[in-house]
>>> print(open('data09.cif').read())   # mmCIF, C-alpha atoms
data_target
#
loop_
_atom_site.label_atom_id
_atom_site.label_comp_id
_atom_site.auth_asym_id
_atom_site.auth_seq_id
_atom_site.Cartn_x
_atom_site.Cartn_y
_atom_site.Cartn_z
CA MET A 213 -106.21 -93.13 50.02
CA ASP A 214 -102.54 -94.13 50.28
CA VAL A 215 -99.84 -93.73 47.64
CA ALA A 216 -100.07 -97.36 46.48
CA THR A 217 -103.82 -97.05 45.88
CA PHE A 218 -103.34 -93.81 43.99
CA GLN A 219 -100.61 -95.33 41.84
CA TRP A 220 -103.01 -98.17 41.01
CA LEU A 221 -105.56 -95.60 39.82
CA LEU A 222 -103.01 -94.46 37.24
CA THR A 223 -102.82 -97.92 35.65
CA ASP A 224 -105.00 -98.95 32.72
CA GLU A 225 -107.14 -101.03 35.05
CA GLY A 226 -107.50 -98.15 37.49
CA THR A 227 -108.38 -95.53 34.87
CA ALA A 228 -110.97 -97.91 33.37
CA LEU A 229 -112.57 -98.33 36.79
CA LEU A 230 -112.47 -94.57 37.34
CA ALA A 231 -114.30 -94.02 34.05
CA ALA A 232 -116.94 -96.54 35.11
CA ALA A 233 -117.24 -94.86 38.51
CA ALA A 234 -117.69 -91.49 36.83
CA ARG A 235 -120.53 -92.83 34.66
CA ALA A 236 -122.17 -94.37 37.72
CA GLN A 237 -121.78 -91.15 39.72
CA GLU A 238 -123.60 -89.19 37.03
CA GLN A 239 -126.78 -91.05 38.02
CA GLY A 240 -126.76 -89.20 41.32
CA ASP A 241 -127.28 -92.29 43.52
CA PRO A 242 -124.11 -93.09 45.51
CA VAL A 243 -125.41 -96.48 46.69
CA ARG A 244 -126.16 -97.64 43.16
CA ALA A 245 -122.83 -96.21 41.98
CA ALA A 246 -120.97 -98.29 44.59
CA GLU A 247 -122.90 -101.41 43.57
CA GLU A 248 -122.13 -100.80 39.88
CA VAL A 249 -118.41 -100.35 40.55
CA ARG A 250 -118.34 -103.52 42.64
CA ARG A 251 -120.08 -105.41 39.81
CA LEU A 252 -117.68 -104.09 37.17
CA ALA A 253 -114.48 -104.68 39.15
CA PRO A 254 -114.97 -107.64 41.51
CA ALA A 255 -111.21 -108.27 41.60
CA ALA A 256 -110.41 -104.73 42.79
CA SER A 257 -109.86 -104.25 46.50
CA PRO A 258 -112.39 -102.28 48.58
CA GLU A 259 -109.78 -99.51 48.90
CA GLN A 260 -109.33 -99.33 45.13
CA ARG A 261 -113.07 -99.20 44.47
CA ALA A 262 -113.52 -96.55 47.15
CA ALA A 263 -110.68 -94.49 45.67
CA ALA A 264 -112.24 -94.66 42.20
CA LEU A 265 -115.64 -93.55 43.53
CA SER A 266 -114.07 -90.77 45.58
CA GLN A 267 -111.97 -89.55 42.66
CA ALA A 268 -115.02 -89.52 40.37
CA ALA A 269 -116.96 -87.48 42.92
CA LEU A 270 -114.07 -85.05 43.38
CA ARG A 271 -113.76 -84.51 39.64
CA GLN A 272 -117.49 -83.82 39.49
CA ARG A 273 -117.17 -81.24 42.28
CA GLY A 274 -113.99 -79.83 40.77
CA ARG A 275 -115.72 -78.72 37.56
CA ALA A 276 -117.35 -75.80 39.37
CA LYS A 277 -113.94 -74.46 40.41
CA LEU A 278 -111.56 -75.67 37.71
CA GLY A 279 -113.80 -76.15 34.68
CA GLU A 280 -113.30 -78.97 32.18
CA ALA A 281 -109.69 -79.38 33.32
CA ALA A 282 -111.06 -81.14 36.41
CA ASP A 283 -111.93 -84.17 34.27
CA ARG A 284 -108.21 -84.71 33.60
CA MET A 285 -106.96 -83.95 37.10
CA TRP A 286 -106.43 -85.95 40.25
CA PHE A 287 -107.54 -84.77 43.66
CA THR A 288 -107.51 -85.21 47.38
CA PRO A 289 -110.47 -83.66 49.25
CA ASP A 290 -108.36 -81.00 50.97
CA GLY A 291 -106.33 -80.47 47.81
CA LEU A 292 -109.46 -79.59 45.83
CA GLU A 293 -110.62 -77.22 48.56
CA GLN A 294 -107.29 -75.41 48.62
CA ALA A 295 -106.65 -75.38 44.85
CA THR A 296 -106.38 -71.94 43.31
CA ALA A 297 -109.00 -71.03 40.71
CA PRO A 298 -107.30 -71.14 37.26
CA PRO A 299 -107.76 -67.44 36.35
CA VAL A 300 -106.25 -66.37 39.68
CA ALA A 301 -103.37 -68.84 39.39
CA ALA A 302 -102.76 -67.73 35.80
CA HIS A 303 -102.64 -64.06 36.85
CA ARG A 304 -100.05 -64.75 39.53
CA ALA A 305 -98.03 -66.97 37.19
CA ALA A 306 -98.03 -64.25 34.53
CA ARG A 307 -96.64 -61.74 37.01
CA LEU A 308 -93.86 -64.15 37.94
CA ALA A 309 -93.16 -64.85 34.26
CA ALA A 310 -92.85 -61.10 33.60
CA SER A 311 -90.17 -60.67 36.26
CA ASP A 312 -86.47 -60.26 35.51
CA LEU A 313 -85.81 -63.68 37.07
CA ALA A 314 -88.25 -65.60 34.85
CA ASP A 315 -85.49 -66.82 32.53
CA ASP A 316 -83.25 -68.00 35.35
CA PRO A 317 -82.86 -71.78 34.78
CA ARG A 318 -83.25 -72.37 38.52
CA GLY A 319 -86.95 -71.61 38.07
CA VAL A 320 -89.60 -71.32 40.78
CA VAL A 321 -90.32 -73.57 43.74
CA ASP A 322 -93.82 -74.05 45.13
CA LEU A 323 -93.39 -74.58 48.88
CA GLY A 324 -96.42 -76.68 49.80
CA CYS A 325 -97.68 -77.41 46.30
CA GLY A 326 -100.75 -79.44 47.26
CA ILE A 327 -102.26 -81.10 44.19
CA GLY A 328 -100.27 -78.83 41.85
CA SER A 329 -102.81 -76.32 40.56
CA ASP A 330 -100.32 -73.45 40.89
CA LEU A 331 -97.49 -75.57 39.48
CA ILE A 332 -99.60 -76.12 36.36
CA ALA A 333 -100.26 -72.39 35.97
CA MET A 334 -96.60 -71.44 36.45
CA ALA A 335 -95.40 -74.13 34.05
CA GLY A 336 -98.02 -72.97 31.56
CA ALA A 337 -96.55 -69.46 31.79
CA GLY A 338 -93.18 -70.82 30.72
CA LEU A 339 -91.47 -71.11 34.11
CA ALA A 340 -89.33 -74.05 35.16
CA VAL A 341 -91.17 -75.45 38.17
CA SER A 342 -90.45 -77.56 41.22
CA GLY A 343 -92.80 -78.42 44.05
CA VAL A 344 -92.50 -79.77 47.56
CA ASP A 345 -95.11 -81.00 49.99
CA LEU A 346 -95.04 -82.92 53.24
CA ASP A 347 -97.86 -85.27 52.29
CA PRO A 348 -96.71 -88.17 50.05
CA VAL A 349 -100.15 -88.58 48.47
CA ARG A 350 -100.30 -84.92 47.47
CA VAL A 351 -96.79 -85.25 46.03
CA ALA A 352 -97.92 -88.17 43.87
CA VAL A 353 -101.08 -86.33 42.84
CA ALA A 354 -99.16 -83.15 41.91
CA ARG A 355 -96.76 -85.18 39.75
CA ALA A 356 -99.69 -86.83 37.98
CA ASN A 357 -101.43 -83.50 37.42
CA LEU A 358 -98.33 -81.90 35.94
CA ALA A 359 -97.98 -84.85 33.57
CA ALA A 360 -101.69 -84.78 32.67
CA ALA A 361 -101.35 -81.08 31.77
CA GLY A 362 -98.35 -81.87 29.57
CA HIS A 363 -95.81 -80.00 31.67
CA ALA A 364 -92.39 -80.99 32.99
CA GLY A 365 -91.43 -80.40 36.57
CA GLU A 366 -90.14 -81.99 39.74
CA VAL A 367 -92.19 -82.68 42.86
CA HIS A 368 -90.64 -84.03 46.06
CA ARG A 369 -91.68 -84.77 49.60
CA ALA A 370 -90.03 -82.23 51.88
CA ASP A 371 -90.62 -79.76 54.69
CA ALA A 372 -90.91 -76.30 53.09
CA THR A 373 -88.96 -74.72 55.94
CA GLU A 374 -85.96 -76.97 55.25
CA VAL A 375 -85.68 -76.39 51.50
CA ASP A 376 -82.46 -74.78 50.26
CA LEU A 377 -83.98 -71.71 48.61
CA ASP A 378 -80.69 -70.77 46.95
CA ARG A 379 -81.36 -73.59 44.47
CA PHE A 380 -84.26 -71.55 43.04
CA ALA A 381 -84.61 -68.11 41.50
CA LEU A 382 -88.18 -67.56 42.73
CA ALA A 383 -90.34 -68.98 45.48
CA PHE A 384 -94.09 -69.27 45.98
CA ALA A 385 -95.88 -70.40 49.13
CA ASP A 386 -99.48 -70.84 50.19
CA PRO A 387 -99.35 -71.54 53.94
CA ALA A 388 -102.06 -73.86 55.25
CA ARG A 389 -104.47 -71.88 57.37
CA ARG A 390 -106.27 -74.77 59.03
CA GLY A 391 -105.54 -76.39 62.36
CA GLY A 392 -107.11 -79.19 64.35
CA ARG A 393 -110.13 -76.98 65.10
CA GLY A 394 -110.64 -75.69 61.57
CA ARG A 395 -109.63 -72.43 59.93
CA THR A 396 -107.18 -70.30 61.89
CA PHE A 397 -106.75 -66.55 61.61
CA ASP A 398 -103.54 -66.47 63.65
CA PRO A 399 -100.57 -66.17 61.24
CA ASP A 400 -98.30 -67.81 63.79
CA SER A 401 -100.51 -70.92 63.55
CA TRP A 402 -100.14 -71.21 59.78
CA THR A 403 -98.08 -74.02 58.27
CA PRO A 404 -95.41 -72.74 57.66
CA PRO A 405 -95.91 -69.98 60.29
CA TRP A 406 -95.62 -66.23 59.84
CA PRO A 407 -91.88 -65.96 60.69
CA PHE A 408 -91.15 -68.23 57.71
CA VAL A 409 -93.36 -66.03 55.50
CA GLU A 410 -91.34 -62.97 56.59
CA HIS A 411 -88.13 -64.85 55.81
CA LEU A 412 -89.45 -65.80 52.37
CA LEU A 413 -90.43 -62.22 51.61
CA ARG A 414 -86.81 -61.15 51.99
CA ARG A 415 -86.11 -63.12 48.79
CA PRO A 416 -87.66 -62.94 45.28
CA GLY A 417 -91.04 -64.51 45.83
CA VAL A 418 -94.75 -64.27 46.50
CA VAL A 419 -96.90 -65.65 49.30
CA LYS A 420 -100.63 -66.32 49.07
CA VAL A 421 -102.46 -65.33 52.26
CA ALA A 422 -106.03 -64.90 53.49
CA PRO A 423 -107.86 -61.79 52.18
CA GLY A 424 -108.46 -60.64 55.75
CA ILE A 425 -104.76 -60.13 56.50
CA PRO A 426 -104.35 -56.88 58.49
CA HIS A 427 -102.55 -54.09 56.65
CA ASP A 428 -100.25 -53.47 59.59
CA LEU A 429 -98.93 -57.03 59.39
CA VAL A 430 -97.57 -56.50 55.86
CA PRO A 431 -93.89 -55.41 55.85
CA GLY A 432 -93.43 -51.87 54.62
CA ASP A 433 -91.53 -52.74 51.44
CA VAL A 434 -93.88 -55.57 50.39
CA GLU A 435 -96.74 -55.22 47.91
CA ALA A 436 -100.11 -56.52 49.10
CA GLU A 437 -102.41 -57.46 46.24
CA TRP A 438 -106.05 -58.44 46.75
CA VAL A 439 -107.59 -60.45 43.90
CA SER A 440 -111.28 -60.95 43.18
CA LEU A 441 -112.83 -63.30 40.64
CA GLY A 442 -116.39 -62.83 39.46
CA GLY A 443 -117.03 -60.36 42.29
CA GLU A 444 -115.69 -62.62 45.07
CA VAL A 445 -112.39 -61.86 46.83
CA LYS A 446 -110.31 -65.00 46.46
CA GLU A 447 -106.98 -64.18 48.04
CA ALA A 448 -104.34 -61.68 48.98
CA ALA A 449 -100.83 -62.08 47.61
CA LEU A 450 -97.73 -60.59 49.20
CA TRP A 451 -95.02 -59.71 46.67
CA SER A 452 -91.48 -59.34 47.97
CA PRO A 453 -89.57 -56.11 47.23
CA TYR A 454 -87.81 -57.85 44.32
CA LEU A 455 -91.18 -58.23 42.55
CA ALA A 456 -93.33 -55.47 44.02
CA THR A 457 -94.53 -52.66 41.74
CA ALA A 458 -96.89 -50.93 44.19
CA ARG A 459 -97.70 -50.82 47.90
CA ARG A 460 -101.35 -51.84 47.62
CA ARG A 461 -103.13 -53.28 44.62
CA ALA A 462 -106.65 -54.47 43.83
CA THR A 463 -106.95 -56.82 40.85
CA VAL A 464 -110.40 -57.58 39.49
CA ILE A 465 -110.78 -60.59 37.19
CA THR A 466 -113.96 -61.01 35.14
CA ALA A 467 -115.00 -62.98 32.09
CA ASP A 468 -113.90 -59.98 30.00
CA GLY A 469 -110.36 -59.82 31.37
CA GLN A 470 -108.63 -58.22 34.33
CA VAL A 471 -107.77 -54.75 35.58
CA SER A 472 -105.75 -53.43 38.51
CA LEU A 473 -105.95 -50.39 40.74
CA THR A 474 -103.10 -49.17 42.99
CA GLU A 475 -102.46 -46.32 45.42
CA ALA A 476 -101.01 -44.40 42.45
CA ASP A 477 -104.61 -44.13 41.16
CA ASP A 478 -105.81 -42.54 44.41
CA PRO A 479 -105.41 -38.75 44.48
CA TRP A 480 -106.60 -38.67 48.11
CA GLN A 481 -103.95 -40.94 49.58
CA GLY A 482 -102.65 -39.43 52.78
CA ARG A 483 -105.36 -36.72 52.75
CA ASP A 484 -108.83 -36.34 54.25
CA ARG A 485 -111.36 -38.69 52.73
CA PRO A 486 -113.72 -36.99 50.21
CA VAL A 487 -117.16 -37.15 51.93
CA ARG A 488 -120.02 -35.42 50.10
CA GLY A 489 -123.79 -35.28 50.01
CA LEU A 490 -125.84 -38.07 48.47
CA GLY A 491 -126.01 -37.80 44.69
CA GLY A 492 -128.20 -39.52 42.16
CA TYR A 493 -125.94 -42.56 41.87
CA LEU A 494 -124.34 -45.07 44.23
CA HIS A 495 -121.27 -47.19 43.48
CA GLU A 496 -120.40 -50.32 45.43
CA PRO A 497 -116.64 -50.97 45.19
CA ASP A 498 -115.44 -54.49 44.48
CA GLY A 499 -114.37 -56.42 47.57
CA ALA A 500 -110.73 -56.41 46.43
CA VAL A 501 -110.83 -52.61 46.25
CA ILE A 502 -112.27 -52.40 49.77
CA ARG A 503 -109.70 -54.82 51.18
CA ALA A 504 -106.89 -52.86 49.54
CA GLY A 505 -108.15 -49.60 51.04
CA LEU A 506 -108.63 -48.04 47.61
CA VAL A 507 -112.27 -46.95 47.84
CA THR A 508 -111.29 -43.30 47.38
CA ALA A 509 -109.61 -44.24 44.11
CA VAL A 510 -113.01 -45.46 42.90
CA ALA A 511 -114.50 -42.17 44.11
CA ALA A 512 -111.98 -40.33 41.96
CA LEU A 513 -112.82 -42.46 38.92
CA ALA A 514 -116.53 -41.73 39.43
CA ASP A 515 -115.91 -38.01 40.01
CA GLY A 516 -117.70 -38.46 43.32
CA GLY A 517 -117.11 -38.94 47.01
CA LEU A 518 -118.01 -41.12 49.98
CA VAL A 519 -121.45 -41.09 51.61
CA ASP A 520 -119.73 -41.43 54.99
CA GLU A 521 -116.11 -41.27 56.10
CA HIS A 522 -116.21 -44.86 57.37
CA ILE A 523 -118.49 -46.49 54.77
CA ALA A 524 -117.38 -48.04 51.46
CA TRP A 525 -120.15 -46.54 49.34
CA VAL A 526 -119.31 -43.97 46.69
CA THR A 527 -121.85 -41.45 45.43
CA SER A 528 -121.85 -39.21 42.37
CA ASP A 529 -124.18 -36.90 40.49
CA ALA A 530 -123.63 -38.56 37.11
CA PRO A 531 -123.59 -42.23 36.12
CA ALA A 532 -120.18 -43.86 35.98
CA SER A 533 -119.18 -47.27 34.67
CA SER A 534 -116.19 -49.02 36.20
CA PRO A 535 -114.98 -52.60 36.51
CA PHE A 536 -114.00 -51.71 40.08
CA ALA A 537 -117.56 -51.05 41.28
CA ARG A 538 -121.18 -51.98 40.72
CA SER A 539 -123.35 -48.93 40.11
CA TYR A 540 -126.95 -48.07 41.03
CA ARG A 541 -129.40 -45.26 40.27
CA VAL A 542 -130.83 -43.83 43.49
CA LEU A 543 -134.60 -43.83 43.05
CA GLU A 544 -135.68 -42.47 46.42
CA ARG A 545 -134.90 -42.33 50.10
CA LEU A 546 -137.27 -44.45 52.22
CA PRO A 547 -138.00 -44.39 55.95
CA TYR A 548 -135.27 -46.11 57.96
CA ARG A 549 -137.53 -47.31 60.77
CA GLU A 550 -138.79 -50.82 60.11
CA LYS A 551 -142.53 -50.23 60.47
CA GLN A 552 -142.55 -47.23 58.15
CA LEU A 553 -140.16 -48.99 55.76
CA ARG A 554 -142.55 -51.96 55.51
CA ALA A 555 -145.44 -49.65 54.70
CA ALA A 556 -143.43 -47.80 52.04
CA LEU A 557 -142.35 -51.01 50.31
CA ARG A 558 -145.88 -52.44 50.36
CA GLU A 559 -147.24 -49.18 48.98
CA ARG A 560 -144.88 -49.62 46.02
CA GLY A 561 -145.99 -53.22 45.46
CA ILE A 562 -142.50 -54.64 46.08
CA GLY A 563 -142.68 -58.34 46.87
CA ARG A 564 -139.15 -59.42 45.95
CA LEU A 565 -136.44 -57.40 47.62
CA ALA A 566 -132.64 -57.58 47.42
CA ILE A 567 -131.11 -56.01 50.54
CA LYS A 568 -127.57 -54.64 50.60
CA LYS A 569 -126.22 -53.35 53.89
CA ARG A 570 -122.99 -51.78 55.03
CA GLY A 571 -122.16 -50.08 58.32
CA VAL A 572 -125.50 -50.89 60.00
CA ASP A 573 -126.53 -53.69 62.37
CA VAL A 574 -128.99 -55.51 60.12
CA VAL A 575 -129.27 -59.15 59.06
CA PRO A 576 -130.86 -58.98 55.56
CA GLU A 577 -132.45 -62.45 55.71
CA GLN A 578 -134.12 -61.72 59.05
CA LEU A 579 -135.27 -58.26 57.99
CA ARG A 580 -136.74 -59.60 54.74
CA LYS A 581 -138.74 -62.16 56.71
CA ARG A 582 -140.05 -59.54 59.15
CA LEU A 583 -141.06 -57.20 56.33
CA ALA A 584 -143.40 -59.95 55.00
CA LEU A 585 -143.65 -58.22 51.64
CA ARG A 586 -146.36 -58.87 49.10
CA GLY A 587 -146.48 -57.62 45.53
CA ASP A 588 -145.34 -58.26 41.96
CA GLU A 589 -142.53 -55.71 41.78
CA GLU A 590 -138.81 -56.25 42.44
CA GLY A 591 -136.60 -53.84 44.28
CA THR A 592 -133.11 -53.31 45.65
CA LEU A 593 -132.74 -51.70 49.06
CA VAL A 594 -129.50 -50.23 50.40
CA LEU A 595 -129.24 -49.87 54.17
CA THR A 596 -126.22 -47.85 55.24
CA ARG A 597 -125.12 -44.66 56.96
CA VAL A 598 -125.08 -41.33 55.17
CA ALA A 599 -123.22 -38.62 57.06
CA GLY A 600 -123.40 -40.80 60.17
CA GLU A 601 -127.17 -41.44 60.05
CA GLY A 602 -128.92 -44.72 59.25
CA THR A 603 -130.42 -44.46 55.77
CA ALA A 604 -132.63 -46.61 53.53
CA LEU A 605 -132.32 -46.09 49.78
CA LEU A 606 -134.36 -47.69 47.03
CA VAL A 607 -132.00 -48.13 44.07
CA ARG A 608 -131.91 -49.72 40.63
CA PRO A 609 -128.82 -51.53 39.28
CA LEU A 610 -127.37 -49.93 36.14
#
>>> encode(input="data09.cif", output="structure tokens")
Amino acid sequence: MDVATFQWLLTDEGTALLAAAARAQEQGDPVRAAEEVRRLAPAASPEQRAAALSQAALRQRGRAKLGEAADRMWFTPDGLEQATAPPVAAHRAARLAASDLADDPRGVVDLGCGIGSDLIAMAGAGLAVSGVDLDPVRVAVARANLAAAGHAGEVHRADATEVDLDRFALAFADPARRGGRGRTFDPDSWTPPWPFVEHLLRRPGVVKVAPGIPHDLVPGDVEAEWVSLGGEVKEAALWSPYLATARRRATVITADGQVSLTEADDPWQGRDRPVRGLGGYLHEPDGAVIRAGLVTAVAALADGGLVDEHIAWVTSDAPASSPFARSYRVLERLPYREKQLRAALRERGIGRLAIKKRGVDVVPEQLRKRLALRGDEEGTLVLTRVAGEGTALLVRPL
């Protein structure tokens, strides 16, 4: 889709065709949908009809990630893939809006704004927003999305590395982490590359990066925040010293709200890790907690310790409820060897088995198939190391 075709979609004729394409797409038959669109708009060009069908399909896919707002938004395929989930974008925007620079009329610039999902969140938090992107279609889409959300803001085509940052009080960037061969884990291959990220972090700003970023890559005066949504780690955000309030942070967002954990909550920081014997309860820290290296903070909250120095399982003698971990009652220890494990599970009539593993060389799907279980009971099996030894635990979620 080129800019002219997208601009046509914004006209009355284009939006009418898009609505028709959306109704046709709901039938679930792409061939019939294309035929229906061609019948309804014979004067439209093939490119216009294709754009309407593609946009309808993208809005349908976008509902899973962006909710009902997707029905009012405009997308490109890569823009939808890279768009930040609204609760995560809103959290980051709220942190920016709480900073001392939030009222600066220069506002915040989004360096590589894509389709504008973060621009919408920042504008919604009361910030004056500007966006730049190299792709002219994404620039047009971001402008349309800002307008559709009822927000003001400027979006221009520009190279993020050439923007005069002094024109803005705050900066946000989400470097593209895909190359010609797909996703890249080399920060120097990002667009913009890692040296630009380091330059940006010497100013008031925040950079969204992959959750797997190594701790030793993060500058010493920068806050690294890992964010999970619904139990899935979505991103890491690097906050420059002007905005940092911790060294490491794990933020967990659920339907009930959000909570954060930092190194200040960890009484064992800089000390030996608290390993102890297996208790009656296991606690599985959220992925953001694990990425942030704050598992021992969860152990402190549970009044427990780790089952192994190198394993992110916490154990305690008493039950503990925490938004930072999922908890289980340990029912019994089962044989770790596969043949004996199969016999033990069959003896207990377990036919449906959830397998959780950490620190052991096991592929749950393959193991489940080899176990060939039969029975009416359900079970949850934890395969891990306890004090360095492979261990199988039958547990029940609390």
>>> closest_residue(input="data09.cif", among="A:Val341, A:Ala504, A:Ala233, A:Arg560", to="A:Glu544", atoms="only C-alpha atoms")
A:Arg560
>>> resolve_selection(input="data09.cif", expression="the PyMOL selection byres ((chain A and resi 412) around 12)", output="VMD selection string")
chain A and resid 321 to 323 372 to 373 375 to 378 382 to 387 404 to 411 413 to 420 431 434 450 to 454
>>> write_last_selection(input="data09.cif", atoms="C-alpha atoms", output="compact mmCIF listing (two decimals), keeping the file's coordinate frame")
# COMPACT_ATOMS: atom_id res chain seq x y z
CA VAL A 321 -90.32 -73.57 43.74
CA ASP A 322 -93.82 -74.05 45.13
CA LEU A 323 -93.39 -74.58 48.88
CA ALA A 372 -90.91 -76.30 53.09
CA THR A 373 -88.96 -74.72 55.94
CA VAL A 375 -85.68 -76.39 51.50
CA ASP A 376 -82.46 -74.78 50.26
CA LEU A 377 -83.98 -71.71 48.61
CA ASP A 378 -80.69 -70.77 46.95
CA LEU A 382 -88.18 -67.56 42.73
CA ALA A 383 -90.34 -68.98 45.48
CA PHE A 384 -94.09 -69.27 45.98
CA ALA A 385 -95.88 -70.40 49.13
CA ASP A 386 -99.48 -70.84 50.19
CA PRO A 387 -99.35 -71.54 53.94
CA PRO A 404 -95.41 -72.74 57.66
CA PRO A 405 -95.91 -69.98 60.29
CA TRP A 406 -95.62 -66.23 59.84
CA PRO A 407 -91.88 -65.96 60.69
CA PHE A 408 -91.15 -68.23 57.71
CA VAL A 409 -93.36 -66.03 55.50
CA GLU A 410 -91.34 -62.97 56.59
CA HIS A 411 -88.13 -64.85 55.81
CA LEU A 413 -90.43 -62.22 51.61
CA ARG A 414 -86.81 -61.15 51.99
CA ARG A 415 -86.11 -63.12 48.79
CA PRO A 416 -87.66 -62.94 45.28
CA GLY A 417 -91.04 -64.51 45.83
CA VAL A 418 -94.75 -64.27 46.50
CA VAL A 419 -96.90 -65.65 49.30
CA LYS A 420 -100.63 -66.32 49.07
CA PRO A 431 -93.89 -55.41 55.85
CA VAL A 434 -93.88 -55.57 50.39
CA LEU A 450 -97.73 -60.59 49.20
CA TRP A 451 -95.02 -59.71 46.67
CA SER A 452 -91.48 -59.34 47.97
CA PRO A 453 -89.57 -56.11 47.23
CA TYR A 454 -87.81 -57.85 44.32
>>> residues_around(input="data09.cif", residues="A:Trp286", least_positions_apart="4", cutoff="10 Å", atoms="all atoms listed in the file", output="PyMOL selection string")
chain A and resi 218+221-222+267-268+270-271+274+282+291-292+327-328+350+352-357+360
>>> residues_around(input="data09.cif", residues="stretch 224-232 of chain A", least_positions_apart="3", cutoff="7 Å", atoms="all atoms listed in the file", output="PyMOL selection string")
chain A and resi 220-221+235-236+249+264+268
>>> closest_residue(input="data09.cif", among="A:Ala555, A:Glu259, A:Glu447, A:Ser342", to="A:Arg304", atoms="all atoms listed in the file")
A:Glu447
>>> atom_distance(input="data09.cif", atom1="atom CA of A:Val367", atom2="atom CA of A:Lys277")
23.4 Å
>>> closest_residue(input="data09.cif", among="A:Ala309, A:Val572, A:Val215, A:Val430", to="A:Gly338", atoms="all atoms listed in the file")
A:Ala309
>>> closest_residue(input="data09.cif", among="A:Leu610, A:Ala216, A:Ala448, A:Ala295", to="A:Ala263", atoms="all atoms listed in the file")
A:Ala216
>>> resolve_selection(input="data09.cif", expression="the PyMOL selection byres ((chain A and resi 522) around 10)", output="ChimeraX atom specification")
/A:485,487,518-521,523-525,570-571,597-600
>>> atom_distance(input="data09.cif", atom1="atom CA of A:Val445", atom2="atom CA of A:Pro426")
15.0 Å
>>> resolve_selection(input="data09.cif", expression="the PyMOL selection byres ((chain A and resi 479) around 12)", output="VMD selection string")
chain A and resid 474 to 478 480 to 486 506 to 513 515 517
>>> closest_residue(input="data09.cif", among="A:Glu293, A:Glu590, A:Glu366, A:Glu437", to="A:Arg307", atoms="all atoms listed in the file")
A:Glu437
>>> decode(input="data09.cif", residues="stretch 511-543 of chain A", atoms="C-alpha atoms", output="JSON list (two decimals), in the first residue's frame")
[["chain", "number", "residue", "atom", "x", "y", "z"],
["A", 511, "ALA", "CA", 11.68, -15.29, 48.27],
["A", 512, "ALA", "CA", 11.72, -12.56, 50.90],
["A", 513, "LEU", "CA", 8.04, -11.77, 50.31],
["A", 514, "ALA", "CA", 7.17, -15.46, 50.70],
["A", 515, "ASP", "CA", 9.38, -15.85, 53.80],
["A", 516, "GLY", "CA", 11.14, -18.62, 51.92],
["A", 517, "GLY", "CA", 14.21, -19.38, 49.87],
["A", 518, "LEU", "CA", 15.40, -20.89, 46.60],
["A", 519, "VAL", "CA", 15.29, -24.62, 45.87],
["A", 520, "ASP", "CA", 18.64, -24.26, 44.10],
["A", 521, "GLU", "CA", 21.14, -21.43, 43.80],
["A", 522, "HIS", "CA", 20.73, -21.30, 40.02],
["A", 523, "ILE", "CA", 16.99, -22.06, 39.67],
["A", 524, "ALA", "CA", 14.16, -19.51, 39.74],
["A", 525, "TRP", "CA", 11.84, -21.51, 41.99],
["A", 526, "VAL", "CA", 11.04, -20.26, 45.47],
["A", 527, "THR", "CA", 9.93, -22.59, 48.25],
["A", 528, "SER", "CA", 8.31, -21.87, 51.61],
["A", 529, "ASP", "CA", 6.69, -23.73, 54.48],
["A", 530, "ALA", "CA", 3.52, -21.64, 54.48],
["A", 531, "PRO", "CA", 1.29, -20.51, 51.62],
["A", 532, "ALA", "CA", 1.98, -17.05, 50.25],
["A", 533, "SER", "CA", -0.01, -14.99, 47.78],
["A", 534, "SER", "CA", 1.82, -12.51, 45.58],
["A", 535, "PRO", "CA", 1.18, -10.83, 42.23],
["A", 536, "PHE", "CA", 4.86, -11.45, 41.48],
["A", 537, "ALA", "CA", 4.58, -15.25, 41.50],
["A", 538, "ARG", "CA", 2.23, -18.14, 40.87],
["A", 539, "SER", "CA", 2.01, -20.48, 43.85],
["A", 540, "TYR", "CA", 1.58, -24.25, 44.18],
["A", 541, "ARG", "CA", 1.03, -26.74, 47.00],
["A", 542, "VAL", "CA", 3.61, -29.53, 46.85],
["A", 543, "LEU", "CA", 1.65, -32.78, 47.00]]
